[in-house]
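**Q** My structure is below; once you've seen it, I'll send some questions.
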Amino acid sequence: MAGQEQGYYTAAEEFVGAQFDSLLPSFNTGSDYDGGIIDEYEDQSTVVNQTYGVPDAVRNFVRSLYRAFTERRIDEMQMLCEAGFIKLTERLFSKCSWPDADRIAPIVNNDEIFLIFYKELYFRHVYDKLQPSLEQRFESYYNYCNLFNYVLSAKAPVRLELPHQWLWNIIDEFIYQFQSFSHYRYKLKHKQESDLAMLRDHPKVWNVHGVLNVLHSFVEKSQINNQLNAYNNGDDPKSVADEFGRCPLYKMLGYFSLIGLLRLHSLLGDYYQAIKVLENVQLNKKSLYAVVPACQVTTYYYVGFAYLMMRRYQDAIRSLSNILLYIQRTKQIFQNKSYQYDQIAKKELQMYALLAMACIMCPCRIDESVLSMLGEKYDKEKFIKLQHGNLSQFEDSFAYACPKFVSPVVPDYEALSQSQHKAPYQFQLKNFVNEVKQQVAIPIIRSYLKLYTTMPVAKLAAFLDMDEDNFRAQLLSFKHKMNNLVWMKGQRALEGEFQTSSGVSFYIDEDMIHIADCKVVPRYGEFFLQQIRKYNELVKGLS
Amino acid sequence: MEVTKENVHKLLVGINRYNPENLTVLHSYVEQQASERTYDVEANLAVLKLYQFNPSLFQLNIVSIILMKALTNLPSNDFSLCRCLMVESHEEDEQISRIYYLGELLETCNFVTFWEELAQNKDLSSKVNGFEESIRDFICYVLNITYQTIDAPLVAKLLGGLNENELTKIIDAKGWQRVDNNKIFLTNHDLSSDSKNMSFKFEIENLASIMNSS
């Protein structure tokens with residue numbers, strides 16, 4: 001029934017509180033430590049070593065990273081990868097690539113495994129700051145194959161430990177490069193014949209099946225679903241896992257691969273499967289695995305988007321509100337890690353756009369602070385246009401906020417047309433706009449209904465300038481569209497119960513519409529609870 | 001291999017879900033759903049996904065059945081989920097366009113027009129056993145959540161031009177009641193619980209955490 005609220009404010013607070021606990025301690029120190037590499041060698045950074053052609057600062061960085069890598073010192077690797085790598089990139093490599101693996105190989109005793117991971121960083125930088133050539137795209141793919149083969153084909157868990165952030169970045173970047181390649185091969189311009197030949201001769205490179213295979217392999221190898229299941233039931237995940245599953249490297253790669261699948265399925269328009277892969281992940285509770293903020297943000301962005309396309313507006317609003325509140329609260333922590341924050345900032349704005357659209361499709365209570373942030377971060381004029389059912393505003397906001405959809409199929413290189421790479425996006429846009437069109441009369445009807453407690457059908461039809469039959473159909477459609485699946489506590493992400501969520505309740509008795517008296521009473525109770533909780537936190541902090 | 005729900009779902013585990021060789025079994029399963037009035041949204045979405053990855057394997061008849069079956073599961077929005085997985089070039093087929101139009105009419109609750117269109121598209125409705133029955137179930141569901149009392153002739157019209165006998169069967173099946181003046185009483189709609197005048201409700205958990213800390 002419409003009165004059954006889910007206590008959005010308290011739910012979001014719970015979520016944020018839980019996520020805070022899971023943040024790595026390093027985020028709270030806000031320090032600028034980068035392994036001491038840059039400061040020590042400040043003066044020599046521009047001296048290029050004659051023998052290797054590699055700047056000293058870089059040599060020292062690589063040496064330190066290699067040491068940390070072999071000695072499995074995760075915290076140091078984390079610092080180096082974040083601060084050290086970023087700073088050196090800013091200073092020396094903002095317009096060119098890092099030294100090739102061959103050139104730094106002597107520094108690291110030609111350690112093949114380390115070089116694979118170095119190359120991963122190398123190519124990630126190329127994609128970030130430069131334009132990768134087709135050869136580079138291929139090389140990066142082969143490097144990923146080497147990396148994943150090394151980890152997955154081992155008879156016993158490989159003796160490696162990497163920071164969670166790095167593991168997440170590997171999976172995240174892998175999918176990003178797949179996405180980039182899929183768009184690239186559909187773009188007609190500037191393709192040399194040699195490029196086309198290379199593409200034609202190697203259809204398996206960056207093939208969607210390959211990507212799926214990697215992700216599924218990690219999921220299976222780590223037995224992450226069994227572990228999550230055990231965790232949800234209050235059992236020890238280690239009890240259901242073998243040596244691979246118990247090893248943190250495999251476990252986290254397995255978990256991140258689930259999120260990778262969520263993203264991949266969303267990019268292909270399969271929203272059902274996207275949510276399905278998360279069926280063992282408890283989206284609204286404290287999670288042992290919620291240690292990488294970028295991963296959390298990505299997760300909830302895609303979950304929110306998938307729910308929106310599945311017409312589960314309340315679930316979309318809840319997911320998006322939770323993560324937006326989380327980002328808002330953890331902003332101070334992120335500011336010190338500006339690299340992290342940049343990645344999240346864009347997603348944040350996209351999510352506000354999605355939230356705005358979801359709220360228009362399904363008005364319901366949102367957390368107060370999220371609502372006020374929405375007012376700041378999403379243009380008020382645009383919001384008003386959405387409220388008036390302006391379709392082109394819906395299109396624009398969707399275009400801004402949606403993922404960059406891809407086609408899984410190899411194109412016919414002979415017959416590529418202009419902007420064919422945009423076709424998957426336009427297809428999903430069309431489906432979304434179709435849904436919006438079907439619901440376009442609902443806000444207007446709703447605003448009229450709110451003004452009365454009873455109203456003859458014929459009279460309201462006349463007000464709205466519709467014939468009575470058509471208007472009755474609209475009322476039926478109103479009820480149908482506003483009755484959607486909503487997730488209930490304790491259920492899996494795909495499940496739900498049908499609930500009405502329209503902001504106004506009504507029914508028709510013969511020829512009369514009866515509307516619920518909608519005086520909204522200020523929710524004093526919830527406000528008090530919120531203030532009591534804040535006060536308790538304050539007191540705890542002081543003592 | 002026997003085409004059962006269990007066996008089919010075994011095929012859909014992990015990476016095997018994307019194996020196009022599964023299509024033979026999956027095709028039989030889809031046709032089985034059509035004739036036996038069963039429904040399996042996951043298997044059907046898996047078929048559409050295989051066509052998305054391998055557009056040359058597209059089979060018009062199977063996709064038509066899947067889409068029609070999705071309509072029988074209204075009010076769930078399986079139909080729009082299916083549409084998001086379609087391949088654009090396949091959508092140009094006139095049979096698919098006709099099914100899309102039927103879907104549009106149902107989603108916007110233009111039921112009278114829907115039955116008129118369906119009458120001209122018997123080839124589509126005959127693909128799925130019990131199609132019309134399922135649609136009537138959906139329409140009755142929407143009427144139930146919207147109306148308390150409704151004109152009997154209107155109901156008959158919205159359900160596809162039923163005669164007296166057919167209408168009586170539906171009334172009995174749905175637990176409705178005929179009332180005087182040729183009207184039907186569907187269900188009691190009580191708005192008092194929906195009125196926002198209600199006082200606040202808490203979840204006990206929220207209160208408990210406050211009590212504990214004080």
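So you can find residues: chains in the structure tokens are A, B, ... in the order shown, residues in each start at 1, and ligands are numbered from 1 in order.
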Write out as an NGL selection string each polymer residue whose atoms come within 9 Å of Ser76 (chain B), counting only C-alpha atoms; drop sequence neighbours fewer than 4 positions from it.
**A** (:A and (484-485)) or (:B and (70-71))
**Q** Write out as a PyMOL selection string all residues of region 10-165 of chain B that DSSP puts in alpha helix (DSSP H) for this structure's backbone.
**A** chain B and resi 10-11+23-36+41-53+60-72+78-85+88-91+94-107+111-119+122-125+131-146+152-158+164-165
**Q** With only C-alpha atoms as the basis for distance, which of B:Phe185, B:Phe131, B:Phe53, B:Trp176 is at the shortest distance from Ser35 (chain B)?
**A**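 Smallest distance to Ser35 (chain B) is found for B:Phe131.
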**Q** Of the candidates A:Pro157, A:Pro163, A:Pro411, A:Gly84, which shows the shortest atom-to-atom distance to chain B, using only C-alpha atoms?
**A**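 Once distances to chain B are computed over only C-alpha atoms, the minimum belongs to A:Pro411.
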**Q** What is the CA of Ser64 (chain A)-CA of Ile170 (chain A) distance in Å, reported with one decimal?
**A**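 Interatomic distance, CA of Ser64 (chain A) to CA of Ile170 (chain A): 20.3 Å.
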**Q** Give me, as a list in words, all polymer residues having an atom no more than 9 Å from Phe58 (chain B), counting only C-alpha atoms and skipping those fewer than 6 positions away in the same chain.
**A**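 Near neighbours after the sequence-gap exclusion: Leu48, Leu50, Tyr51, Gln52 and His90 of chain B.
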**Q** Rank nothing, just name the residue among A:Leu162, A:Leu147, A:Ile259, A:Leu115 nearest to Arg73 (chain A), using only C-alpha atoms.
**A**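 Between A:Leu162, A:Leu147, A:Ile259, A:Leu115, the residue approaching Arg73 (chain A) most closely is A:Leu162.
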**Q** Given only C-alpha atoms as the basis, pick out the residue of A:Asn146, A:Ser266, A:Asn226, A:Gln387 nearest to Val214 (chain A).
**A**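 Closest residue, counting only C-alpha atoms: A:Asn146.
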**Q** Between A:Ala83, A:Leu308, A:Ile104, A:Leu121, which is the closest to Asn77 (chain B) once you count only C-alpha atoms?
**A**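 With only C-alpha atoms as the atom set, the closest residue is A:Leu308.
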